[in-house]
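This report refers to the structure that appears directly beneath it.
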Amino acid sequence: MTIADSHASSPRLDAKVPGGPMDERWSNHKFDLKLVNPSNRRKFDVIVVGTGLAGGSAAATLAEMGYNVKSFCIHDSPRRAHSIAAQGGINAAKNYKGDGDSVHRLFYDTVKGGDYRSRESNVHRLAEVSVDIIDQCVAQGVPFAREYGGLLDNRSFGGAQVSRTFYARGQTGQQLLLGAYGAMNRMIHAGRIDSYTKREMVDLVVVNGVARGIIVRNLLTGEYERHAAHAVLMCTGGYGNAFFLSTNAKNSNVTAAWRAHKRGAFFANPCYTQIHPTCIPRSGDYQSKLTLMSESLRNDGRVWVPEKEGDPRAPQDIPESERDYYLERKYPSFGNLVPRDVASRNAKTVCDEGRGVGPTGEAVYLDFGDAIRRDGKETIASRYGNLFEMYERITGDNPYEIPMRIFPAVHYTMGGLWVDYNLESTIPGLFVLGEANFSDHGANRLGASALMQGLADGYFVIPATIASHLAGRKLEAVSVNDDAFKEAEAKARERADLLLACNGNRSVDSLHRELGNTVWNYCGMERTAEGLQEGILKVRELRAEFWSNVKVNGDPNHVNQDLEKAGRVADFMEFAEVMFNDALVRDESCGGHFRAEHQTEEGEARRDDENYAHVSAWEFTEEQKLPTEHREQLTFEEVKLTTRSYK
Amino acid sequence: MIQKKNHGDLRIVLEVWRQNGPGAPGAFEEHEVMANEHMSFLELLDVLNEQLVESGRDPFVFEHDCREGICGSCSMTIDGKPHGPRDRTTACQLHMREYRNGDRVRVEPWRANAFPVVKDLMTDRSAFDRIQQAGGYVSINTGSAPDAHAMPVNKENADMAFDAAACIGCGACVAACPNASAMLFTSAKLSQYTLLPQGQPERDQRALGMVDQMDAEGFGNCTNHYECEAACPKGISVTNIARMNREYARATLRRRD
């Protein structure tokens, strides 16, 4: 591994952070940015890949502004992007509850929650625009929860000590996404967006160093299509399915990001993955995915395990005095509401001690008994009814009577393609929004922040910053018949042909599952240098096995879900190695990245701010070669670096 | 001989619809899978597909994504019922504990003219998108919204709007209806906006636009069977259809020449 420029910021990573006072930076930057005259906007074509909160909101807004937008998604409808599954809520510094919230507090909490590994200026901007998001969504008719007086309700969520989370029962992501989808539909109807569904981006086209188009495969006909534009926006989500089992939707994948990476976009902090503490434990080796239970459940549920190892008794038979409410015991001030990384790691610790519950021993209880006695079953049902129903459907247990069993699962990825303050990657003209980029959550994301970031990027940031590219650079005309398009299409076809020609003995899923196990075991909740090195070797072996023994059947010129999966898993196989390398190089514990070598005597994460307060961004060099690490030094002007303590 | 993996002691005989394209002939194919009670129905199909792939045969195509009952991708009729036997449950959230050893289960795609079969269990539901494009939104440009508290909403209406907005766009209502009507789907979106102050300025155009598009797509009309409500995994109520009929009549009287 080569460290390109250790302990200093790489000249290749100019974050373009504006100067001046923190709370004026975004306003000043918007003023300083060049503008595209409204009548000139129709001359620019913009490709938006992905129709989740980031992609949907960006496509709609850019179309409203007058740009020609082409929107692409892998689903049969833009409405099915995985943002739809977000349950809990969206943060905004509205201070409607009058409990002392402010833009500065949301900014501060987010930088702290990210364990001081995010870029301050980006986070401040996120907190600033959070209030506009709520206004926008309400105006669209998003049915947020309301109080009897008709005003919006808020709750406290995932480690926040103020009530700043807006929600729509347990379906906040769905309602926000349908809002963005509605805004898109209006623009599709007006002829301002061309919507291409069932298209998978299989390569990025770079012409003279600028992102000028994409190659997509039509998932219904197998045809390859070339699309050219003046700018490309990737809003393609995270890479959590590298673990095979995650809370991500089955089609979520790293392919678009990985293809862009291989064309020159640096991949930042891939080792930062979020393990969500409240998921339904796995039940068998056929398991296809894990289901998240919103962590709003921790507002009323109490987490515990038996005091004794291997206690065989049913939960209701274990008396109060023999239960260990370990989060309340260890973190008296935050209790069950400690941030996700802390809650997850502690669940692993008690299970490793042999105190885990359920048939696999890989679960802890989340108990609503006290809450039901205190507030009544009806109140609890009104808060969590749909979540309880979902739990009961999956496990067959009734959580009103028997404590839920929960265990951590991969949920979100903070790493992603490196972007500057304008959300532009290291390839000019390629912008990356939402979970697909890396910038706002540092090493750990707080609850209800993902929806906020996706919509901030799409509704409010990119509409301003895209002008830096469109008005700031001279963009020559390109045609889909240019060599760069032909070459990219030929390569994509070749990859698919190789997969089909392999004709081995193993299904794509079986190989993906094995990769997932390796990533979970060696690069999961707890990592060691030794384990990571071992894991890298295993990933390499598995990649070789994949390419020699995968079996993909069916017709490439028709719907072929096996071929789709195979292409994505092939990319995960390459991507996983960068993830491991990044985890290995980051020789500290921070947020979602816990290196067992670096912990305090009490078993808490020990950061190393002197040596690791930077972003690691990886540059692709050549096939089978280790990528090159570049660093962006993080500077903290507003927030004082402290050890996170939730005690 | 197909290699069977033994995941439990539930022997399930599946009859799954195989069809290569919209105009192609289709037929049920019979397969056996060993399952257990914790498996989801889609995991049962995963196991079947893995068996098929490893024995060199084509897996069945079926739509799925979130597997949490919210994306609306999964769309299959199980033993004659859209999404299967359990009330208010999508196919992805149906678990094998609903079945007994030796059960024979029939799986087929949504059957409706407006949802042509793409392949096997996958149908083309783009008609739903076009209905939404015809008016299922509030026209407000980003950045021009007033403060969210500028317009309080009566909680009862807000809750009813939410109930309507919970639709996941899966199409079970159409599949369940003897007329293949899309009135539950269309009326759910229309109701959400009718019930909210934000939806008032475009109320008439929305009702006319969405209903006209729904008709143009070839969906049938409602004749009050209420099969849609029974099949809806989100429990969307048929009272929305009544509301849509009122809205359409009102808009017709006010706006149609």
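The way I read the labels, and the way they are meant: chains A, B, ... in the order of the structure tokens, residue 1 as the first residue of every chain, and ligand 1 as the first ligand shown, with later ones counted on from there.
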
Give one line per residue of range 128-228 of chain B that approaches range 187-199 of chain A to at most 9 Å, naming the two atoms of the closest pair and their distance in Å to one decimal, counting only C-alpha atoms; sort by chain then ascending residue number and deliver it as a tab-separated table.
```
residue	atom	partner	partner_atom	distance
B:Arg130	CA	A:His189	CA	8.5
B:Gln133	CA	A:His189	CA	5.5
B:Ala134	CA	A:His189	CA	6.7
B:Gly135	CA	A:His189	CA	8.5
```

task = Just the residues within 9 Å of Val216 in chain A, please, counting only C-alpha atoms, with nothing from its chain fewer than 2 positions along; format it as a ChimeraX atom specification.
result = /A:72,199-203,214,218-219,223-227,489,492

Those same residues - N, CA and C atoms - I'd like them written as a PDB file, in the first residue's frame.
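result-v7.pdb, freshly written:
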```pdb
ATOM      1  N   PHE A  72     -32.683   8.045 -13.881  1.00  0.00           N
ATOM      2  CA  PHE A  72     -32.540   6.599 -14.078  1.00  0.00           C
ATOM      3  C   PHE A  72     -32.745   5.858 -12.758  1.00  0.00           C
ATOM      4  N   ARG A 199     -33.331   0.595 -15.438  1.00  0.00           N
ATOM      5  CA  ARG A 199     -32.038   0.785 -16.076  1.00  0.00           C
ATOM      6  C   ARG A 199     -30.975   0.721 -14.987  1.00  0.00           C
ATOM      7  N   GLU A 200     -29.937  -0.025 -15.253  1.00  0.00           N
ATOM      8  CA  GLU A 200     -28.836  -0.110 -14.293  1.00  0.00           C
ATOM      9  C   GLU A 200     -27.605   0.558 -14.875  1.00  0.00           C
ATOM     10  N   MET A 201     -27.031   1.490 -14.126  1.00  0.00           N
ATOM     11  CA  MET A 201     -25.810   2.147 -14.587  1.00  0.00           C
ATOM     12  C   MET A 201     -24.672   1.143 -14.495  1.00  0.00           C
ATOM     13  N   VAL A 202     -24.041   0.847 -15.627  1.00  0.00           N
ATOM     14  CA  VAL A 202     -22.946  -0.120 -15.614  1.00  0.00           C
ATOM     15  C   VAL A 202     -21.600   0.525 -15.901  1.00  0.00           C
ATOM     16  N   ASP A 203     -21.605   1.787 -16.310  1.00  0.00           N
ATOM     17  CA  ASP A 203     -20.324   2.508 -16.386  1.00  0.00           C
ATOM     18  C   ASP A 203     -20.567   4.002 -16.489  1.00  0.00           C
ATOM     19  N   ILE A 214     -23.280   8.192 -19.155  1.00  0.00           N
ATOM     20  CA  ILE A 214     -23.310   6.885 -18.512  1.00  0.00           C
ATOM     21  C   ILE A 214     -23.716   5.822 -19.531  1.00  0.00           C
ATOM     22  N   ASN A 218     -30.554  -1.932 -19.961  1.00  0.00           N
ATOM     23  CA  ASN A 218     -31.999  -2.012 -19.809  1.00  0.00           C
ATOM     24  C   ASN A 218     -32.325  -3.386 -19.229  1.00  0.00           C
ATOM     25  N   LEU A 219     -32.863  -3.400 -18.026  1.00  0.00           N
ATOM     26  CA  LEU A 219     -33.041  -4.665 -17.315  1.00  0.00           C
ATOM     27  C   LEU A 219     -34.202  -5.495 -17.865  1.00  0.00           C
ATOM     28  N   GLU A 223     -30.657  -4.664 -23.411  1.00  0.00           N
ATOM     29  CA  GLU A 223     -29.924  -3.744 -24.289  1.00  0.00           C
ATOM     30  C   GLU A 223     -29.056  -2.781 -23.502  1.00  0.00           C
ATOM     31  N   TYR A 224     -27.945  -2.390 -24.115  1.00  0.00           N
ATOM     32  CA  TYR A 224     -27.088  -1.365 -23.514  1.00  0.00           C
ATOM     33  C   TYR A 224     -27.411  -0.033 -24.180  1.00  0.00           C
ATOM     34  N   GLU A 225     -27.509   1.001 -23.350  1.00  0.00           N
ATOM     35  CA  GLU A 225     -27.843   2.317 -23.888  1.00  0.00           C
ATOM     36  C   GLU A 225     -26.776   3.309 -23.462  1.00  0.00           C
ATOM     37  N   ARG A 226     -26.500   4.274 -24.329  1.00  0.00           N
ATOM     38  CA  ARG A 226     -25.529   5.330 -24.003  1.00  0.00           C
ATOM     39  C   ARG A 226     -26.301   6.635 -23.804  1.00  0.00           C
ATOM     40  N   HIS A 227     -25.987   7.335 -22.743  1.00  0.00           N
ATOM     41  CA  HIS A 227     -26.641   8.624 -22.490  1.00  0.00           C
ATOM     42  C   HIS A 227     -25.578   9.675 -22.200  1.00  0.00           C
ATOM     43  N   GLU A 489     -19.157   1.040 -23.288  1.00  0.00           N
ATOM     44  CA  GLU A 489     -20.195   0.050 -23.553  1.00  0.00           C
ATOM     45  C   GLU A 489     -19.583  -1.320 -23.838  1.00  0.00           C
ATOM     46  N   ALA A 492     -18.556  -3.001 -20.664  1.00  0.00           N
ATOM     47  CA  ALA A 492     -19.694  -3.493 -19.878  1.00  0.00           C
ATOM     48  C   ALA A 492     -20.221  -4.794 -20.469  1.00  0.00           C
TER      49      ALA A 492
END
```

request  = With a distance cut-off of 8 Å and only C-alpha atoms, select the neighbouring residues of range 19-31 of chain B, excluding the residue or stretch itself and same-chain residues fewer than 5 positions from it, and output the selection as a list in words.
outcome  =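 Using only C-alpha atoms, the neighbours found are Val13, Leu14, Leu48, Pro116, Val117, Val118, Lys119 and Asp120 of chain B.
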
query = Could you pull out the helix (DSSP H, G or I) residues of range 191-256 of chain B from DSSP and send them as a VMD selection string?
reply = chain B and resid 191 to 194 197 to 216 227 to 231 239 to 255

Can I get the residues of chain A within 7 Å of chain B, each with the closest pair of atoms and their distance in Å to one decimal, using only C-alpha atoms, sorted chain first then ascending number, as CSV?
```
residue,atom,partner,partner_atom,distance
A:Thr61,CA,B:Thr142,CA,6.0
A:Glu64,CA,B:Asn141,CA,6.5
A:Ser77,CA,B:Asp129,CA,6.9
A:Arg80,CA,B:Cys71,CA,5.0
A:His82,CA,B:Cys66,CA,6.7
A:Ile84,CA,B:Cys71,CA,6.1
A:Ala85,CA,B:Ile70,CA,6.1
A:Ile134,CA,B:Ala148,CA,6.4
A:Asp135,CA,B:Ala148,CA,4.4
A:Gln136,CA,B:Ala145,CA,5.3
A:Val138,CA,B:Ala148,CA,5.9
A:Ala139,CA,B:Ala145,CA,5.9
A:Gln140,CA,B:Val138,CA,5.3
A:Gly141,CA,B:Gln198,CA,5.8
A:Pro143,CA,B:Phe162,CA,5.4
A:Arg146,CA,B:Lys155,CA,5.9
A:Glu147,CA,B:Lys155,CA,6.3
A:Tyr148,CA,B:Lys155,CA,5.4
A:Gly150,CA,B:Val153,CA,4.5
A:Leu151,CA,B:Pro152,CA,5.2
A:Gly182,CA,B:Tyr137,CA,4.8
A:Ala183,CA,B:Tyr137,CA,6.5
A:Asn185,CA,B:Gln133,CA,4.6
A:Arg186,CA,B:Gln133,CA,6.0
A:Ile188,CA,B:Gln133,CA,6.9
A:His189,CA,B:Gln133,CA,5.5
A:Asn248,CA,B:Cys66,CA,6.9
A:Ala249,CA,B:Cys66,CA,4.0
A:Lys250,CA,B:Asp65,CA,4.9
A:Asn251,CA,B:Asp65,CA,5.9
A:Ser283,CA,B:His38,CA,6.7
A:Tyr286,CA,B:Glu43,CA,6.8
A:Gln287,CA,B:Glu43,CA,6.9
A:Ser288,CA,B:Glu43,CA,6.4
A:Thr291,CA,B:Glu68,CA,6.7
A:Arg393,CA,B:Gln93,CA,6.7
A:Ile394,CA,B:His95,CA,6.7
A:Thr395,CA,B:His38,CA,6.9
A:Tyr459,CA,B:Thr142,CA,6.5
A:Asn505,CA,B:Glu54,CA,6.3
A:Arg506,CA,B:Glu54,CA,6.3
A:Ser507,CA,B:Glu54,CA,6.1
A:Asn553,CA,B:Asp58,CA,5.9
A:Gly554,CA,B:Asp58,CA,5.6
A:Gln561,CA,B:Val61,CA,6.8
```

Those residues with N, CA and C atoms, as a tab-separated table (two decimals), in the first residue's frame please?
```tsv
chain	number	residue	atom	x	y	z
A	61	THR	N	-35.97	19.17	-8.53
A	61	THR	CA	-35.59	20.57	-8.35
A	61	THR	C	-34.86	21.12	-9.57
A	64	GLU	N	-37.33	21.76	-12.21
A	64	GLU	CA	-38.10	22.98	-11.93
A	64	GLU	C	-37.30	24.23	-12.32
A	77	SER	N	-40.38	1.56	-10.82
A	77	SER	CA	-40.92	2.89	-10.58
A	77	SER	C	-39.97	3.65	-9.66
A	80	ARG	N	-39.87	3.21	-5.69
A	80	ARG	CA	-39.47	2.03	-4.92
A	80	ARG	C	-38.03	2.09	-4.42
A	82	HIS	N	-34.76	2.61	-2.14
A	82	HIS	CA	-34.73	2.09	-0.77
A	82	HIS	C	-34.95	3.14	0.31
A	84	ILE	N	-37.43	4.50	0.74
A	84	ILE	CA	-38.82	4.24	1.13
A	84	ILE	C	-38.91	3.48	2.45
A	85	ALA	N	-37.87	2.74	2.77
A	85	ALA	CA	-37.94	1.86	3.94
A	85	ALA	C	-37.54	2.54	5.24
A	134	ILE	N	-38.16	20.71	5.98
A	134	ILE	CA	-39.47	20.46	6.59
A	134	ILE	C	-40.53	21.34	5.93
A	135	ASP	N	-40.18	22.61	5.73
A	135	ASP	CA	-41.13	23.52	5.07
A	135	ASP	C	-41.52	22.97	3.69
A	136	GLN	N	-40.51	22.54	2.94
A	136	GLN	CA	-40.75	22.06	1.59
A	136	GLN	C	-41.66	20.82	1.61
A	138	VAL	N	-43.74	19.74	3.94
A	138	VAL	CA	-45.10	20.04	4.39
A	138	VAL	C	-45.90	20.68	3.25
A	139	ALA	N	-45.25	21.57	2.52
A	139	ALA	CA	-45.94	22.23	1.41
A	139	ALA	C	-46.32	21.23	0.32
A	140	GLN	N	-45.56	20.14	0.21
A	140	GLN	CA	-45.87	19.10	-0.78
A	140	GLN	C	-47.03	18.22	-0.34
A	141	GLY	N	-47.45	18.36	0.92
A	141	GLY	CA	-48.52	17.51	1.42
A	141	GLY	C	-48.03	16.22	2.07
A	143	PRO	N	-47.69	13.92	4.91
A	143	PRO	CA	-48.52	13.88	6.12
A	143	PRO	C	-47.72	13.55	7.38
A	146	ARG	N	-49.02	15.05	13.58
A	146	ARG	CA	-49.41	16.35	14.13
A	146	ARG	C	-50.01	16.21	15.51
A	147	GLU	N	-50.01	17.32	16.22
A	147	GLU	CA	-50.64	17.36	17.53
A	147	GLU	C	-52.08	17.81	17.37
A	148	TYR	N	-52.84	17.77	18.46
A	148	TYR	CA	-54.26	18.12	18.36
A	148	TYR	C	-54.47	19.56	17.92
A	150	GLY	N	-53.02	20.94	15.65
A	150	GLY	CA	-52.81	21.04	14.21
A	150	GLY	C	-51.36	21.30	13.81
A	151	LEU	N	-50.49	21.50	14.82
A	151	LEU	CA	-49.09	21.76	14.50
A	151	LEU	C	-48.31	20.44	14.50
A	182	GLY	N	-43.59	12.64	-6.12
A	182	GLY	CA	-44.66	13.52	-6.62
A	182	GLY	C	-44.07	14.71	-7.36
A	183	ALA	N	-43.04	15.31	-6.75
A	183	ALA	CA	-42.40	16.46	-7.39
A	183	ALA	C	-41.78	16.04	-8.72
A	185	ASN	N	-42.89	13.52	-10.56
A	185	ASN	CA	-44.00	13.24	-11.47
A	185	ASN	C	-44.53	14.50	-12.13
A	186	ARG	N	-44.56	15.56	-11.33
A	186	ARG	CA	-45.03	16.84	-11.89
A	186	ARG	C	-44.12	17.26	-13.05
A	188	ILE	N	-42.13	15.20	-14.80
A	188	ILE	CA	-42.24	14.22	-15.90
A	188	ILE	C	-43.43	14.60	-16.77
A	189	HIS	N	-44.53	14.91	-16.08
A	189	HIS	CA	-45.76	15.31	-16.77
A	189	HIS	C	-45.52	16.56	-17.61
A	248	ASN	N	-30.41	-3.31	4.15
A	248	ASN	CA	-30.63	-2.71	2.84
A	248	ASN	C	-31.57	-3.58	2.00
A	249	ALA	N	-32.20	-2.93	1.05
A	249	ALA	CA	-33.04	-3.68	0.11
A	249	ALA	C	-32.14	-4.59	-0.72
A	250	LYS	N	-32.74	-5.65	-1.27
A	250	LYS	CA	-31.94	-6.66	-1.96
A	250	LYS	C	-31.22	-6.10	-3.19
A	251	ASN	N	-31.80	-5.10	-3.83
A	251	ASN	CA	-31.17	-4.59	-5.05
A	251	ASN	C	-30.14	-3.49	-4.80
A	283	SER	N	-32.52	-16.09	11.56
A	283	SER	CA	-33.08	-17.35	12.02
A	283	SER	C	-32.49	-18.57	11.32
A	286	TYR	N	-30.75	-19.64	5.20
A	286	TYR	CA	-31.45	-19.24	3.99
A	286	TYR	C	-31.79	-17.76	4.06
A	287	GLN	N	-31.49	-17.16	5.22
A	287	GLN	CA	-31.92	-15.78	5.48
A	287	GLN	C	-31.46	-14.86	4.36
A	288	SER	N	-32.39	-14.04	3.84
A	288	SER	CA	-32.03	-13.22	2.69
A	288	SER	C	-31.70	-11.79	3.06
A	291	THR	N	-34.15	-7.39	9.09
A	291	THR	CA	-35.17	-6.35	9.18
A	291	THR	C	-34.88	-5.46	10.37
A	393	ARG	N	-45.15	-10.62	12.80
A	393	ARG	CA	-45.24	-11.36	11.53
A	393	ARG	C	-43.97	-12.16	11.27
A	394	ILE	N	-42.83	-11.55	11.59
A	394	ILE	CA	-41.56	-12.18	11.24
A	394	ILE	C	-41.18	-13.27	12.23
A	395	THR	N	-41.41	-13.01	13.52
A	395	THR	CA	-40.91	-13.94	14.53
A	395	THR	C	-41.99	-14.87	15.08
A	459	TYR	N	-32.48	18.77	-2.63
A	459	TYR	CA	-33.35	19.95	-2.75
A	459	TYR	C	-32.57	21.27	-2.70
A	505	ASN	N	-20.22	-23.99	-10.88
A	505	ASN	CA	-21.16	-24.81	-10.10
A	505	ASN	C	-21.88	-24.07	-8.98
A	506	ARG	N	-21.50	-22.80	-8.75
A	506	ARG	CA	-22.09	-22.14	-7.58
A	506	ARG	C	-23.00	-20.99	-7.95
A	507	SER	N	-24.09	-20.88	-7.21
A	507	SER	CA	-25.01	-19.77	-7.47
A	507	SER	C	-24.39	-18.47	-6.99
A	553	ASN	N	-27.32	-18.41	-15.26
A	553	ASN	CA	-28.13	-18.99	-16.33
A	553	ASN	C	-28.94	-17.94	-17.05
A	554	GLY	N	-29.57	-18.36	-18.09
A	554	GLY	CA	-30.61	-17.53	-18.69
A	554	GLY	C	-30.14	-16.68	-19.84
A	561	GLN	N	-32.46	-11.72	-13.74
A	561	GLN	CA	-32.11	-11.21	-12.41
A	561	GLN	C	-30.82	-11.84	-11.88
```

message = as a ChimeraX atom specification, please: the residues near range 240-250 of chain B (cut-off 9 Å, only C-alpha atoms, same-chain neighbours under 3 positions excluded).
response = /B:164,183-191,194,203-204,207-208,211,222,236-237,253-255

Coordinates-based distance that separates CA of Val142 in chain A from CA of Asn122 in chain A (Å, one decimal) =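 Taking CA of Asn122 in chain A as the start and CA of Val142 in chain A as the end point, the length is 26.3 Å.
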
task = Taking the DSSP assignment computed from this structure's backbone, write out as a ChimeraX atom specification all residues of range 59-182 of chain B that belong to strand (DSSP E).
result = /B:77-78,81-82,104-108,117-119,122-123

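Close contacts of Ala257 in chain A, defined as residues with an atom at most 10 Å away when counting only C-alpha atoms, with chain neighbours fewer than 6 positions off set aside, comprise A:Met201, A:Val202, A:Asp203, A:Leu204, A:Met234, A:Cys235, A:Thr236, A:Gly237, A:Gly238, A:Tyr239, A:Arg263, A:Ala265, A:Phe266, A:Phe267, A:Gly416, A:Leu417, A:Val432, A:Ala436, A:Asn437, A:Asp571, A:Phe575.
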
Would you export the selected residues with N, CA and C atoms as a JSON list (two decimals), in the first residue's frame, please?
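Saved the output as result_1.json:
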```json
[["chain", "number", "residue", "atom", "x", "y", "z"],
["A", 201, "MET", "N", -27.03, 1.49, -14.13],
["A", 201, "MET", "CA", -25.81, 2.15, -14.59],
["A", 201, "MET", "C", -24.67, 1.14, -14.50],
["A", 202, "VAL", "N", -24.04, 0.85, -15.63],
["A", 202, "VAL", "CA", -22.95, -0.12, -15.61],
["A", 202, "VAL", "C", -21.60, 0.53, -15.90],
["A", 203, "ASP", "N", -21.60, 1.79, -16.31],
["A", 203, "ASP", "CA", -20.32, 2.51, -16.39],
["A", 203, "ASP", "C", -20.57, 4.00, -16.49],
["A", 204, "LEU", "N", -19.50, 4.72, -16.10],
["A", 204, "LEU", "CA", -19.50, 6.17, -16.23],
["A", 204, "LEU", "C", -18.64, 6.49, -17.46],
["A", 234, "MET", "N", -24.70, 11.16, -9.20],
["A", 234, "MET", "CA", -24.91, 9.81, -8.71],
["A", 234, "MET", "C", -25.54, 9.85, -7.34],
["A", 235, "CYS", "N", -26.71, 9.25, -7.24],
["A", 235, "CYS", "CA", -27.46, 9.25, -5.99],
["A", 235, "CYS", "C", -27.85, 7.79, -5.76],
["A", 236, "THR", "N", -26.83, 6.96, -5.65],
["A", 236, "THR", "CA", -27.04, 5.52, -5.79],
["A", 236, "THR", "C", -26.93, 4.76, -4.49],
["A", 237, "GLY", "N", -26.94, 5.47, -3.36],
["A", 237, "GLY", "CA", -27.04, 4.79, -2.08],
["A", 237, "GLY", "C", -25.74, 4.18, -1.60],
["A", 238, "GLY", "N", -25.84, 3.33, -0.59],
["A", 238, "GLY", "CA", -24.66, 2.81, 0.10],
["A", 238, "GLY", "C", -24.30, 1.39, -0.31],
["A", 239, "TYR", "N", -23.25, 0.88, 0.36],
["A", 239, "TYR", "CA", -22.70, -0.41, -0.03],
["A", 239, "TYR", "C", -22.90, -1.48, 1.05],
["A", 263, "ARG", "N", -13.19, 4.77, -12.79],
["A", 263, "ARG", "CA", -12.96, 5.82, -13.79],
["A", 263, "ARG", "C", -12.29, 7.04, -13.18],
["A", 265, "ALA", "N", -12.96, 8.38, -9.67],
["A", 265, "ALA", "CA", -13.53, 8.99, -8.47],
["A", 265, "ALA", "C", -12.93, 8.31, -7.23],
["A", 266, "PHE", "N", -12.40, 9.09, -6.33],
["A", 266, "PHE", "CA", -11.79, 8.51, -5.12],
["A", 266, "PHE", "C", -12.89, 8.00, -4.19],
["A", 267, "PHE", "N", -12.62, 6.89, -3.53],
["A", 267, "PHE", "CA", -13.58, 6.31, -2.59],
["A", 267, "PHE", "C", -13.12, 6.64, -1.17],
["A", 416, "GLY", "N", -18.11, 6.63, 1.25],
["A", 416, "GLY", "CA", -18.71, 6.79, -0.08],
["A", 416, "GLY", "C", -17.74, 7.53, -0.97],
["A", 417, "LEU", "N", -18.20, 7.91, -2.13],
["A", 417, "LEU", "CA", -17.29, 8.62, -3.03],
["A", 417, "LEU", "C", -16.94, 9.98, -2.42],
["A", 432, "VAL", "N", -21.92, 13.66, -6.40],
["A", 432, "VAL", "CA", -22.40, 12.50, -5.66],
["A", 432, "VAL", "C", -23.22, 12.98, -4.47],
["A", 436, "ALA", "N", -24.49, 7.87, -1.03],
["A", 436, "ALA", "CA", -23.39, 7.51, -1.94],
["A", 436, "ALA", "C", -22.15, 8.34, -1.71],
["A", 437, "ASN", "N", -22.28, 9.54, -1.10],
["A", 437, "ASN", "CA", -21.07, 10.31, -0.81],
["A", 437, "ASN", "C", -20.66, 10.08, 0.64],
["A", 571, "ASP", "N", -18.67, -6.78, -8.36],
["A", 571, "ASP", "CA", -18.15, -5.49, -7.91],
["A", 571, "ASP", "C", -17.95, -5.47, -6.39],
["A", 575, "PHE", "N", -14.69, -4.41, -4.34],
["A", 575, "PHE", "CA", -14.85, -3.31, -3.39],
["A", 575, "PHE", "C", -14.43, -3.72, -1.97]]
```

Contacts of Ala343 in chain A at 9 Å (only C-alpha atoms; same-chain gap of 6+ positions) as a PyMOL selection string = chain A and resi 276-278+327+336-337+408

query = Hey, which of B:Asn221, B:Arg11, B:Glu98, B:Ala175 ends up closest to Met76 in chain B? Count only C-alpha atoms.
reply =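 When distances to Met76 in chain B are compared using only C-alpha atoms, the smallest one comes from B:Ala175.
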
task = Do a neighbour search on Arg12 in chain A at 10 Å with only C-alpha atoms, toss out local chain neighbours closer than 4 positions, and write the hits as a ChimeraX atom specification.
result = /A:266,426,617,630-632
